[in-house]
$ cat structure_16.txt   # compact mmCIF, C-alpha atoms and all ligand atoms
# COMPACT_ATOMS: atom_id res chain seq x y z
CA MET A 1 90.65 93.20 53.61
CA GLN A 2 91.44 89.57 52.79
CA HIS A 3 92.26 90.32 49.15
CA VAL A 4 94.69 93.10 50.01
CA LYS A 5 96.25 90.78 52.55
CA ASP A 6 96.72 88.00 49.95
CA ILE A 7 98.04 90.22 47.18
CA ASP A 8 99.99 92.85 49.07
CA PRO A 9 100.78 91.95 52.68
CA GLU A 10 102.95 95.06 53.08
CA ILE A 11 100.15 97.49 52.25
CA HIS A 12 97.70 95.34 54.23
CA SER A 13 99.90 95.58 57.28
CA LEU A 14 100.27 99.35 56.90
CA ILE A 15 96.51 99.83 56.56
CA LYS A 16 95.95 97.73 59.67
CA GLN A 17 98.52 99.78 61.58
CA GLU A 18 96.82 103.00 60.46
CA GLU A 19 93.43 101.59 61.55
CA GLU A 20 94.86 100.96 64.99
CA ARG A 21 96.45 104.41 65.14
CA GLN A 22 93.14 106.04 64.26
CA ALA A 23 91.25 103.83 66.72
CA ASP A 24 93.56 104.36 69.68
CA LYS A 25 94.57 108.01 69.45
CA ILE A 26 92.66 111.13 70.35
CA ARG A 27 92.56 112.88 67.00
CA LEU A 28 92.24 116.65 67.29
CA ILE A 29 93.35 117.70 63.81
CA ALA A 30 90.57 120.15 63.00
CA SER A 31 90.18 119.00 59.39
CA GLU A 32 90.05 115.24 60.05
CA ASN A 33 87.19 112.93 60.93
CA TYR A 34 85.94 109.33 60.87
CA VAL A 35 83.65 108.40 57.98
CA SER A 36 81.04 105.67 58.37
CA ARG A 37 81.41 102.13 57.05
CA ALA A 38 78.81 103.08 54.42
CA VAL A 39 81.02 105.90 53.12
CA LEU A 40 84.05 103.59 53.16
CA GLU A 41 82.18 100.91 51.21
CA ALA A 42 80.99 103.36 48.54
CA THR A 43 84.53 104.75 48.23
CA GLY A 44 85.88 101.26 47.71
CA SER A 45 83.23 100.21 45.16
CA VAL A 46 83.48 99.24 41.47
CA LEU A 47 82.48 102.76 40.54
CA THR A 48 86.22 103.40 40.52
CA ASN A 49 86.30 101.43 37.23
CA LYS A 50 84.27 103.97 35.22
CA TYR A 51 85.19 107.03 33.19
CA SER A 52 82.51 109.69 32.82
CA GLU A 53 83.86 112.97 31.49
CA GLY A 54 81.03 115.45 31.12
CA TYR A 55 77.80 115.80 33.05
CA ALA A 56 74.65 113.68 33.37
CA GLY A 57 73.03 113.26 29.95
CA ARG A 58 76.05 114.86 28.23
CA ARG A 59 78.94 112.41 28.63
CA TYR A 60 81.75 111.68 26.22
CA TYR A 61 81.78 107.90 26.80
CA GLU A 62 78.90 105.44 26.80
CA GLY A 63 77.76 103.23 29.66
CA GLN A 64 76.65 106.03 31.97
CA GLN A 65 73.23 104.57 32.83
CA ILE A 66 74.18 104.16 36.49
CA ILE A 67 76.76 106.91 36.94
CA ASP A 68 74.33 109.63 35.83
CA GLN A 69 71.94 108.52 38.56
CA VAL A 70 74.70 108.45 41.16
CA GLU A 71 75.88 111.96 40.31
CA ASN A 72 72.33 113.34 40.18
CA LEU A 73 71.62 111.88 43.62
CA ALA A 74 74.72 113.56 45.05
CA ILE A 75 73.83 116.88 43.40
CA ASN A 76 70.20 116.84 44.50
CA ARG A 77 71.08 115.93 48.07
CA ALA A 78 73.63 118.76 48.25
CA LYS A 79 71.13 121.23 46.77
CA LYS A 80 68.53 120.26 49.37
CA LEU A 81 70.90 120.14 52.35
CA PHE A 82 72.51 123.52 51.65
CA ALA A 83 69.59 125.21 49.82
CA ALA A 84 71.81 125.76 46.79
CA GLU A 85 70.62 126.63 43.29
CA HIS A 86 73.39 124.71 41.52
CA VAL A 87 75.98 122.16 42.69
CA ASN A 88 78.98 120.56 41.01
CA VAL A 89 80.25 117.50 42.89
CA GLN A 90 83.16 116.64 40.59
CA PRO A 91 86.16 118.58 42.02
CA TYR A 92 88.79 116.13 43.21
CA SER A 93 89.37 118.11 46.39
CA GLY A 94 89.29 121.60 47.88
CA SER A 95 92.27 123.06 46.04
CA PRO A 96 91.00 122.09 42.55
CA ALA A 97 87.56 123.38 43.53
CA ASN A 98 88.99 126.80 44.38
CA LEU A 99 91.11 126.79 41.25
CA ALA A 100 88.01 126.04 39.17
CA VAL A 101 86.30 129.11 40.60
CA TYR A 102 89.28 131.26 39.59
CA LEU A 103 89.30 129.76 36.11
CA ALA A 104 85.57 130.44 35.79
CA PHE A 105 85.78 134.14 36.62
CA LEU A 106 89.37 135.42 36.30
CA ASN A 107 92.04 136.04 33.73
CA PRO A 108 95.72 135.71 34.67
CA GLY A 109 96.82 138.80 36.57
CA ASP A 110 93.35 139.66 37.89
CA THR A 111 93.09 140.63 41.54
CA ILE A 112 91.78 138.39 44.31
CA LEU A 113 91.52 139.32 47.98
CA GLY A 114 91.59 136.65 50.69
CA MET A 115 92.70 136.01 54.25
CA ALA A 116 96.49 135.83 54.59
CA LEU A 117 97.80 132.28 55.04
CA PRO A 118 99.69 132.99 58.31
CA HIS A 119 96.48 134.52 59.69
CA GLY A 120 94.33 131.45 59.05
CA GLY A 121 93.60 131.64 55.33
CA HIS A 122 94.24 128.75 52.95
CA LEU A 123 97.09 128.26 50.47
CA THR A 124 94.63 128.56 47.60
CA HIS A 125 93.32 131.92 48.78
CA GLY A 126 96.33 133.65 47.23
CA ALA A 127 99.46 132.43 49.03
CA GLN A 128 102.52 133.26 46.93
CA VAL A 129 103.71 129.65 46.88
CA SER A 130 100.44 128.45 45.35
CA ILE A 131 99.15 128.83 41.81
CA SER A 132 96.56 131.23 43.24
CA GLY A 133 99.36 133.62 44.19
CA ARG A 134 101.50 132.97 41.11
CA TYR A 135 98.90 133.46 38.38
CA PHE A 136 96.80 136.18 39.99
CA ASN A 137 97.43 139.47 41.71
CA ALA A 138 96.78 138.07 45.17
CA GLN A 139 96.09 140.59 47.92
CA SER A 140 95.33 139.69 51.48
CA TYR A 141 93.69 140.91 54.67
CA GLN A 142 94.98 140.11 58.14
CA LEU A 143 93.60 139.68 61.61
CA ASP A 144 93.49 142.53 64.08
CA ARG A 145 96.68 142.50 66.15
CA HIS A 146 94.84 143.20 69.43
CA THR A 147 91.70 141.09 69.12
CA GLY A 148 92.93 138.29 66.83
CA ARG A 149 89.66 138.75 64.96
CA LEU A 150 88.80 139.91 61.47
CA ASN A 151 88.53 143.66 61.24
CA TYR A 152 85.79 144.27 58.68
CA GLU A 153 86.59 147.96 58.32
CA GLN A 154 90.15 147.01 57.34
CA ILE A 155 88.85 144.42 54.88
CA ARG A 156 86.55 147.08 53.44
CA ALA A 157 89.41 149.60 53.12
CA THR A 158 91.68 147.01 51.46
CA ALA A 159 88.91 145.96 49.09
CA HIS A 160 88.35 149.58 48.05
CA ALA A 161 92.09 150.05 47.55
CA VAL A 162 92.79 146.91 45.51
CA ARG A 163 89.36 146.39 43.81
CA PRO A 164 89.41 142.58 43.69
CA LYS A 165 87.41 140.65 41.11
CA ILE A 166 86.85 137.99 43.75
CA LEU A 167 86.60 138.59 47.48
CA ILE A 168 87.29 135.35 49.37
CA ALA A 169 85.90 134.55 52.81
CA GLY A 170 86.92 131.33 54.49
CA HIS A 171 89.77 129.88 56.48
CA SER A 172 91.47 126.83 57.82
CA ALA A 173 92.39 128.18 61.25
CA TYR A 174 90.00 130.92 62.38
CA PRO A 175 87.99 130.09 65.49
CA ARG A 176 85.11 132.50 64.93
CA ILE A 177 82.01 132.71 62.76
CA LEU A 178 82.45 134.88 59.69
CA ASP A 179 80.03 137.73 59.09
CA PHE A 180 78.83 136.72 55.62
CA ARG A 181 76.43 139.69 55.43
CA LEU A 182 79.33 142.13 55.87
CA PHE A 183 81.47 140.29 53.33
CA ARG A 184 78.54 140.57 50.88
CA GLU A 185 78.23 144.29 51.52
CA ILE A 186 81.95 144.83 50.89
CA ALA A 187 81.88 142.70 47.73
CA ASP A 188 78.94 144.72 46.41
CA GLU A 189 80.67 148.03 47.15
CA VAL A 190 83.61 147.06 44.93
CA GLN A 191 81.60 145.00 42.41
CA ALA A 192 83.46 141.83 43.34
CA LEU A 193 82.17 138.30 43.32
CA LEU A 194 81.91 136.83 46.82
CA MET A 195 83.40 133.36 47.17
CA VAL A 196 83.09 131.56 50.50
CA ASP A 197 85.31 128.55 51.14
CA MET A 198 83.34 126.67 53.81
CA ALA A 199 85.51 123.52 53.74
CA HIS A 200 86.20 123.64 57.46
CA PHE A 201 82.71 124.33 58.73
CA ALA A 202 80.49 122.72 56.03
CA GLY A 203 79.41 119.99 58.45
CA LEU A 204 78.33 122.59 60.98
CA VAL A 205 76.35 124.43 58.30
CA ALA A 206 74.72 121.16 57.18
CA GLY A 207 73.87 120.33 60.77
CA GLY A 208 72.45 123.76 61.59
CA ALA A 209 75.21 124.63 64.07
CA HIS A 210 76.70 127.49 62.03
CA PRO A 211 75.20 130.20 59.79
CA SER A 212 75.06 129.32 56.12
CA PRO A 213 77.00 131.41 53.58
CA LEU A 214 74.63 130.33 50.79
CA PRO A 215 72.23 133.30 51.06
CA TYR A 216 75.14 135.73 50.67
CA ALA A 217 77.79 134.21 48.42
CA ASP A 218 77.89 133.99 44.64
CA VAL A 219 79.94 130.81 44.90
CA VAL A 220 80.65 128.50 47.83
CA THR A 221 83.36 125.85 47.72
CA SER A 222 83.73 123.01 50.18
CA THR A 223 85.58 119.82 50.73
CA THR A 224 83.33 116.89 51.52
CA HIS A 225 85.49 115.38 54.25
CA LYS A 226 86.45 117.48 57.31
CA SER A 227 83.42 118.33 59.48
CA LEU A 228 81.00 117.13 56.76
CA ARG A 229 82.32 113.59 57.33
CA GLY A 230 82.30 112.33 53.76
CA PRO A 231 85.03 110.99 51.48
CA ARG A 232 88.01 113.04 50.31
CA GLY A 233 86.41 115.23 47.64
CA ALA A 234 84.84 118.60 47.09
CA MET A 235 81.90 120.48 45.66
CA ILE A 236 81.06 123.90 44.36
CA LEU A 237 77.68 125.42 45.16
CA CYS A 238 76.60 128.52 43.29
CA ARG A 239 73.82 130.71 42.06
CA ALA A 240 72.05 129.42 38.93
CA GLU A 241 73.48 132.26 36.83
CA HIS A 242 77.01 130.90 37.40
CA ALA A 243 76.17 127.23 36.79
CA GLN A 244 77.55 127.02 33.27
CA ALA A 245 80.76 128.90 34.05
CA ILE A 246 81.47 126.66 37.06
CA ASP A 247 80.69 123.41 35.28
CA LYS A 248 82.88 124.36 32.30
CA ALA A 249 85.73 125.36 34.62
CA VAL A 250 85.69 122.04 36.48
CA PHE A 251 85.42 119.98 33.28
CA PRO A 252 87.06 120.44 30.83
CA GLY A 253 88.74 123.44 32.47
CA ILE A 254 90.96 121.79 35.03
CA GLN A 255 89.86 118.19 35.38
CA GLY A 256 89.23 115.06 33.34
CA GLY A 257 86.89 112.31 34.47
CA PRO A 258 85.29 112.63 37.88
CA HIS A 259 86.00 109.98 40.52
CA ASP A 260 82.63 108.26 40.45
CA ASN A 261 83.32 106.12 43.50
CA THR A 262 83.94 109.32 45.44
CA THR A 263 80.76 110.86 44.01
CA ALA A 264 78.78 107.89 45.34
CA ALA A 265 80.40 108.24 48.75
CA ILE A 266 79.60 111.97 48.75
CA ALA A 267 75.96 111.07 48.07
CA VAL A 268 75.99 108.64 51.02
CA ALA A 269 77.59 111.23 53.32
CA LEU A 270 75.04 113.87 52.30
CA LYS A 271 72.21 111.43 53.09
CA GLU A 272 73.78 110.82 56.50
CA ALA A 273 74.15 114.57 57.01
CA ASP A 274 70.43 115.08 56.47
CA THR A 275 69.48 113.28 59.69
CA GLN A 276 68.80 114.24 63.29
CA ALA A 277 71.82 112.19 64.36
CA PHE A 278 74.06 114.40 62.24
CA ARG A 279 72.43 117.58 63.56
CA ASP A 280 73.11 116.31 67.10
CA TYR A 281 76.74 115.63 66.11
CA ALA A 282 77.17 119.15 64.67
CA ALA A 283 75.80 120.78 67.83
CA GLN A 284 78.04 118.58 69.97
CA VAL A 285 81.13 119.48 67.90
CA VAL A 286 80.57 123.13 68.84
CA ARG A 287 79.81 122.34 72.49
CA ASN A 288 82.92 120.16 72.71
CA ALA A 289 85.10 122.88 71.20
CA ALA A 290 83.71 125.48 73.61
CA THR A 291 84.27 123.14 76.59
CA LEU A 292 87.83 122.29 75.55
CA ALA A 293 88.60 125.98 74.96
CA GLU A 294 87.27 126.99 78.39
CA ALA A 295 89.13 124.19 80.15
CA LEU A 296 92.42 125.03 78.43
CA MET A 297 92.11 128.75 79.17
CA ALA A 298 91.46 127.88 82.82
CA LYS A 299 94.84 126.09 82.76
CA GLY A 300 96.66 129.18 81.52
CA PHE A 301 96.64 128.54 77.78
CA THR A 302 96.36 131.58 75.51
CA LEU A 303 93.66 131.07 72.91
CA ILE A 304 93.54 133.36 69.90
CA THR A 305 90.32 135.41 70.29
CA ASP A 306 89.95 133.99 73.83
CA GLY A 307 87.83 131.08 72.70
CA THR A 308 85.92 129.66 69.80
CA ASP A 309 82.48 129.60 68.31
CA ASN A 310 83.08 126.90 65.73
CA HIS A 311 84.86 123.52 65.76
CA LEU A 312 88.44 124.71 66.20
CA MET A 313 90.76 126.68 68.39
CA LEU A 314 94.21 128.13 67.98
CA ILE A 315 96.59 128.23 70.94
CA ASP A 316 99.59 130.54 71.18
CA LEU A 317 102.17 128.62 73.24
CA SER A 318 104.59 131.56 73.60
CA ASN A 319 103.86 131.84 77.34
CA LYS A 320 104.51 128.10 77.83
CA GLY A 321 108.13 128.16 76.69
CA ILE A 322 107.58 125.50 74.02
CA SER A 323 107.19 125.75 70.24
CA GLY A 324 104.18 124.42 68.37
CA LYS A 325 106.23 121.68 66.73
CA MET A 326 107.75 120.47 70.00
CA ALA A 327 104.35 120.45 71.68
CA SER A 328 102.61 118.64 68.82
CA ARG A 329 105.37 115.98 68.69
CA ALA A 330 105.21 115.34 72.44
CA LEU A 331 101.42 115.19 72.32
CA ASP A 332 101.51 112.71 69.44
CA GLN A 333 103.73 110.45 71.54
CA ALA A 334 101.18 110.87 74.29
CA GLY A 335 98.32 109.69 72.06
CA ILE A 336 96.90 113.11 71.22
CA VAL A 337 97.25 114.09 67.57
CA LEU A 338 97.06 117.71 66.44
CA ASN A 339 99.10 120.06 64.29
CA SER A 340 101.43 122.93 64.95
CA ASN A 341 100.13 126.15 63.47
CA ALA A 342 101.23 129.72 62.93
CA VAL A 343 99.48 132.27 65.10
CA PRO A 344 98.71 135.79 63.85
CA PHE A 345 101.89 137.90 63.58
CA ASP A 346 103.98 134.83 64.46
CA GLN A 347 107.69 135.55 64.94
CA ARG A 348 108.65 131.92 64.34
CA LYS A 349 109.00 130.04 61.04
CA PRO A 350 105.98 128.24 59.50
CA PHE A 351 107.50 124.76 59.99
CA ASP A 352 108.08 125.41 63.68
CA PRO A 353 105.52 128.05 64.59
CA SER A 354 104.35 129.32 67.96
CA GLY A 355 100.97 127.67 68.05
CA ILE A 356 98.90 124.53 67.83
CA ARG A 357 95.48 124.05 66.24
CA LEU A 358 92.86 121.77 67.78
CA GLY A 359 89.47 120.71 66.48
CA THR A 360 86.65 118.53 67.76
CA PRO A 361 84.89 116.88 64.75
CA ALA A 362 86.71 113.52 64.92
CA VAL A 363 86.45 113.03 68.69
CA THR A 364 82.79 114.06 68.55
CA SER A 365 82.14 111.44 65.86
CA ARG A 366 83.44 108.81 68.27
CA GLY A 367 81.14 110.02 71.04
CA PHE A 368 83.33 112.26 73.20
CA LYS A 369 81.28 114.78 75.13
CA GLU A 370 82.01 117.60 77.59
CA GLU A 371 83.38 115.30 80.31
CA GLU A 372 85.90 113.72 77.92
CA MET A 373 86.92 117.17 76.65
CA ARG A 374 87.78 118.24 80.21
CA THR A 375 89.85 115.07 80.64
CA VAL A 376 91.63 115.77 77.34
CA SER A 377 92.41 119.32 78.47
CA GLU A 378 94.14 117.91 81.57
CA MET A 379 96.15 115.47 79.49
CA ILE A 380 97.25 118.26 77.12
CA ALA A 381 98.25 120.57 79.96
CA LYS A 382 100.40 117.93 81.66
CA VAL A 383 102.25 117.05 78.44
CA VAL A 384 102.86 120.67 77.42
CA ASP A 385 104.23 121.39 80.90
CA ASP A 386 106.61 118.41 80.83
CA PRO A 387 107.19 117.33 77.20
CA GLY A 388 110.50 115.56 77.90
CA ASN A 389 109.02 113.24 80.54
CA HIS A 390 108.85 109.95 78.67
CA GLN A 391 107.04 108.14 81.46
CA LEU A 392 104.35 110.79 81.45
CA LEU A 393 104.01 110.52 77.66
CA ALA A 394 103.66 106.73 77.85
CA ARG A 395 101.15 106.98 80.72
CA THR A 396 99.11 109.57 78.82
CA ALA A 397 99.15 107.43 75.66
CA ALA A 398 97.73 104.52 77.70
CA GLN A 399 95.05 106.81 79.13
CA ALA A 400 94.20 108.02 75.59
CA ARG A 401 93.88 104.41 74.40
CA GLU A 402 91.55 103.59 77.28
CA LEU A 403 89.39 106.63 76.60
CA CYS A 404 89.26 105.77 72.89
CA ARG A 405 88.36 102.13 73.50
CA ALA A 406 85.40 103.28 75.58
CA HIS A 407 84.24 105.28 72.53
CA PRO A 408 84.74 103.16 69.39
CA ALA A 409 85.36 105.20 66.26
CA PRO A 410 82.87 105.00 63.38
CA GLY A 411 84.21 102.84 60.56
CA LEU A 412 86.56 101.03 62.93
CA GLU A 413 84.12 99.14 65.15
CA HIS A 414 85.31 95.84 63.64
CA LEU A 415 88.60 96.23 65.55
CA LEU A 416 86.69 95.51 68.74
CA GLN A 417 85.26 92.23 67.39
CA VAL A 418 87.99 89.80 68.28
CA ALA A 419 87.81 86.72 66.04
CA PRO A 420 88.07 83.29 67.70
CA GLY A 421 91.72 82.34 67.98
CA ASP A 422 92.94 85.94 67.59
N1 LIG B 501 94.83 120.68 55.18
C1 LIG B 501 93.58 121.31 55.51
C2 LIG B 501 93.52 121.68 56.96
O1 LIG B 501 94.09 120.98 57.76
O2 LIG B 501 92.90 122.66 57.30
C3 LIG B 501 93.26 122.48 54.66
O3 LIG B 501 93.32 122.14 53.32
$ encode --input "structure_16.txt" --output "structure tokens" --more "lines below"
Ligand code: DSN
Amino acid sequence: MQHVKDIDPEIHSLIKQEEERQADKIRLIASENYVSRAVLEATGSVLTNKYSEGYAGRRYYEGQQIIDQVENLAINRAKKLFAAEHVNVQPYSGSPANLAVYLAFLNPGDTILGMALPHGGHLTHGAQVSISGRYFNAQSYQLDRHTGRLNYEQIRATAHAVRPKILIAGHSAYPRILDFRLFREIADEVQALLMVDMAHFAGLVAGGAHPSPLPYADVVTSTTHKSLRGPRGAMILCRAEHAQAIDKAVFPGIQGGPHDNTTAAIAVALKEADTQAFRDYAAQVVRNAATLAEALMAKGFTLITDGTDNHLMLIDLSNKGISGKMASRALDQAGIVLNSNAVPFDQRKPFDPSGIRLGTPAVTSRGFKEEEMRTVSEMIAKVVDDPGNHQLLARTAAQARELCRAHPAPGLEHLLQVAPGD
């Protein structure tokens, strides 16, 4: 980082502070992770200097001898890893990827049916504040009030009533495995396309720790960061019959030139994901989540659906006399970073909801296992029980730092190499 330091000491200092924050805090935001040095290097490469509108062999500008190979590598690795017929790796991130699917198959005003945002769906699955809710007739399904789980008979009834053109499965805060076979059945009954947004659990699918939606869905979208542990980006995987529609929707439909440096980093991440080490990581993410969920429930926490079978869990703090925002702020001061989150049928406002969401990909990447998850559950319980105790928060932050230093985070190992004179 010497060049950043010389040219822009302010940004250099902020990056260094963020490195330290990421190194020394227990990061439980379910969508965050630590990428490898290799992914960081590819992201920061000269590929950022190139423009390459179009697709390999059909570009608008010259000089694509290298970029075509980079993009083809990323595509072919994704096709192999996920057993996909066609892959587009150009979407800038998850929201543009989902928008591209809508552009490919819908006209303004057409009906989509997805999981309601306050129940764990994503903004782009039809929330009124997003373009997906503004430009389309967005209908939603909710979780069952008693079980906190998806009720497939209700989804079926809603689908028959509203006849969506696209049925969306996927979430950003649902702790259970989706039944892709049932979603497929429902989509077929109403002649809808089935789109699965696997952004949250793509890494688990790649690592064999979660069923794949690919055999069931017409189109699958995913970010490439989150549990997949690549750079900030996205991809769309689809059946061969939809290849042209998807490619045209991404470019020139909603995007200009792809970010070739990101494409290279996606290729690196996909290579890393096709290893036994990554499969071990994916299995451990799930084991860590299950252990943390069990330990928290044993301490009186209310988990939506009474547990988890993926990488995340959602806690309703109503019985603890503290809001999600207050708890997440106290925990952040105590070195444990997570986000407040609405719980199903939440009575509180979205910015200060009743719950918190926790996920295990990032801590698993730094080597936390079951024992550390039990320790983390104790730290969380103490802070939630006494959030105004500043001594406790400071003590817990020191404990978090110690735990983190015993498990160096990928991409940040250099922080432990103290230079002579430092
Ligand atoms: N912001 C992401 C998450 O935290 O789940 C979703 O886009």
$ residues_near_point --input "structure_16.txt" --point "(100.7, 132.7, 46.0)" --cutoff "10 Å" --atoms "all atoms listed in the file" --output "ChimeraX atom specification"
/A:117,123-139
$ axis_aligned_box --input "structure_16.txt" --around "ligand LIG 501 (chain B)" --padding-each-side "4 Å" --output "AutoDock Vina command-line options"
--center_x 93.9 --center_y 121.7 --center_z 55.5 --size_x 9.9 --size_y 10.0 --size_z 12.4
$ closest_residue --input "structure_16.txt" --among "A:Ala206, A:Leu106, A:Asp144, A:Glu85" --to "Thr275 in chain A" --atoms "only C-alpha atoms"
A:Ala206
$ closest_residue --input "structure_16.txt" --among "A:Arg21, A:Lys325, A:Arg176, A:His225" --to "Ala409 in chain A" --atoms "only C-alpha atoms"
A:Arg21
$ residues_near_ligand --input "structure_16.txt" --ligand "ligand LIG 501 (chain B)" --cutoff "9 Å" --atoms "only C-alpha atoms and all ligand atoms" --output "MDAnalysis selection string"
chainID A and resid 29:32 93:95 122:124 171:173 199:200 223 226 339
$ write_last_selection --input "structure_16.txt" --atoms "C-alpha atoms" --output "mmCIF file, keeping the file's coordinate frame"
data_model
loop_
_atom_site.group_PDB
_atom_site.id
_atom_site.type_symbol
_atom_site.label_atom_id
_atom_site.label_comp_id
_atom_site.auth_asym_id
_atom_site.auth_seq_id
_atom_site.Cartn_x
_atom_site.Cartn_y
_atom_site.Cartn_z
ATOM 1 C CA ILE A 29 93.350 117.700 63.810
ATOM 2 C CA ALA A 30 90.570 120.150 63.000
ATOM 3 C CA SER A 31 90.180 119.000 59.390
ATOM 4 C CA GLU A 32 90.050 115.240 60.050
ATOM 5 C CA SER A 93 89.370 118.110 46.390
ATOM 6 C CA GLY A 94 89.290 121.600 47.880
ATOM 7 C CA SER A 95 92.270 123.060 46.040
ATOM 8 C CA HIS A 122 94.240 128.750 52.950
ATOM 9 C CA LEU A 123 97.090 128.260 50.470
ATOM 10 C CA THR A 124 94.630 128.560 47.600
ATOM 11 C CA HIS A 171 89.770 129.880 56.480
ATOM 12 C CA SER A 172 91.470 126.830 57.820
ATOM 13 C CA ALA A 173 92.390 128.180 61.250
ATOM 14 C CA ALA A 199 85.510 123.520 53.740
ATOM 15 C CA HIS A 200 86.200 123.640 57.460
ATOM 16 C CA THR A 223 85.580 119.820 50.730
ATOM 17 C CA LYS A 226 86.450 117.480 57.310
ATOM 18 C CA ASN A 339 99.100 120.060 64.290
#
$ decode --input "structure_16.txt" --residues "range 249-262 of chain A" --atoms "N, CA, C and O atoms" --output "short mmCIF file (atom, residue, chain, number, x, y, z; two decimals), in the first residue's frame"
data_model
loop_
_atom_site.label_atom_id
_atom_site.label_comp_id
_atom_site.auth_asym_id
_atom_site.auth_seq_id
_atom_site.Cartn_x
_atom_site.Cartn_y
_atom_site.Cartn_z
N ALA A 249 -29.87 -8.88 -21.81
CA ALA A 249 -30.41 -8.05 -20.73
C ALA A 249 -29.29 -7.43 -19.90
O ALA A 249 -29.38 -6.28 -19.47
N VAL A 250 -28.21 -8.20 -19.68
CA VAL A 250 -27.10 -7.65 -18.89
C VAL A 250 -26.40 -6.55 -19.70
O VAL A 250 -26.23 -5.42 -19.25
N PHE A 251 -25.98 -6.90 -20.92
CA PHE A 251 -25.41 -5.91 -21.84
C PHE A 251 -26.03 -6.11 -23.21
O PHE A 251 -25.99 -7.22 -23.70
N PRO A 252 -26.60 -5.14 -23.82
CA PRO A 252 -26.65 -3.72 -23.45
C PRO A 252 -27.85 -3.32 -22.61
O PRO A 252 -28.06 -2.14 -22.38
N GLY A 253 -28.60 -4.30 -22.10
CA GLY A 253 -29.85 -3.98 -21.40
C GLY A 253 -29.71 -3.03 -20.23
O GLY A 253 -30.36 -1.99 -20.19
N ILE A 254 -28.88 -3.40 -19.26
CA ILE A 254 -28.79 -2.50 -18.10
C ILE A 254 -27.37 -2.06 -17.79
O ILE A 254 -27.17 -1.18 -16.96
N GLN A 255 -26.38 -2.67 -18.41
CA GLN A 255 -25.00 -2.32 -18.07
C GLN A 255 -24.19 -1.91 -19.29
O GLN A 255 -24.53 -2.29 -20.42
N GLY A 256 -23.08 -1.20 -19.03
CA GLY A 256 -22.08 -0.96 -20.05
C GLY A 256 -20.97 -1.99 -19.88
O GLY A 256 -21.23 -3.17 -19.68
N GLY A 257 -19.73 -1.51 -19.90
CA GLY A 257 -18.60 -2.44 -19.84
C GLY A 257 -18.51 -3.19 -18.52
O GLY A 257 -18.70 -2.60 -17.46
N PRO A 258 -18.19 -4.48 -18.61
CA PRO A 258 -18.01 -5.24 -17.37
C PRO A 258 -16.74 -4.79 -16.64
O PRO A 258 -15.85 -4.20 -17.25
N HIS A 259 -16.68 -5.07 -15.35
CA HIS A 259 -15.50 -4.73 -14.56
C HIS A 259 -14.53 -5.91 -14.63
O HIS A 259 -14.64 -6.88 -13.88
N ASP A 260 -13.59 -5.82 -15.59
CA ASP A 260 -12.75 -6.98 -15.90
C ASP A 260 -11.85 -7.41 -14.74
O ASP A 260 -11.53 -8.58 -14.61
N ASN A 261 -11.47 -6.45 -13.92
CA ASN A 261 -10.67 -6.83 -12.74
C ASN A 261 -11.51 -7.70 -11.80
O ASN A 261 -11.03 -8.68 -11.23
N THR A 262 -12.79 -7.35 -11.67
CA THR A 262 -13.68 -8.18 -10.85
C THR A 262 -13.87 -9.55 -11.48
O THR A 262 -13.87 -10.58 -10.79
#
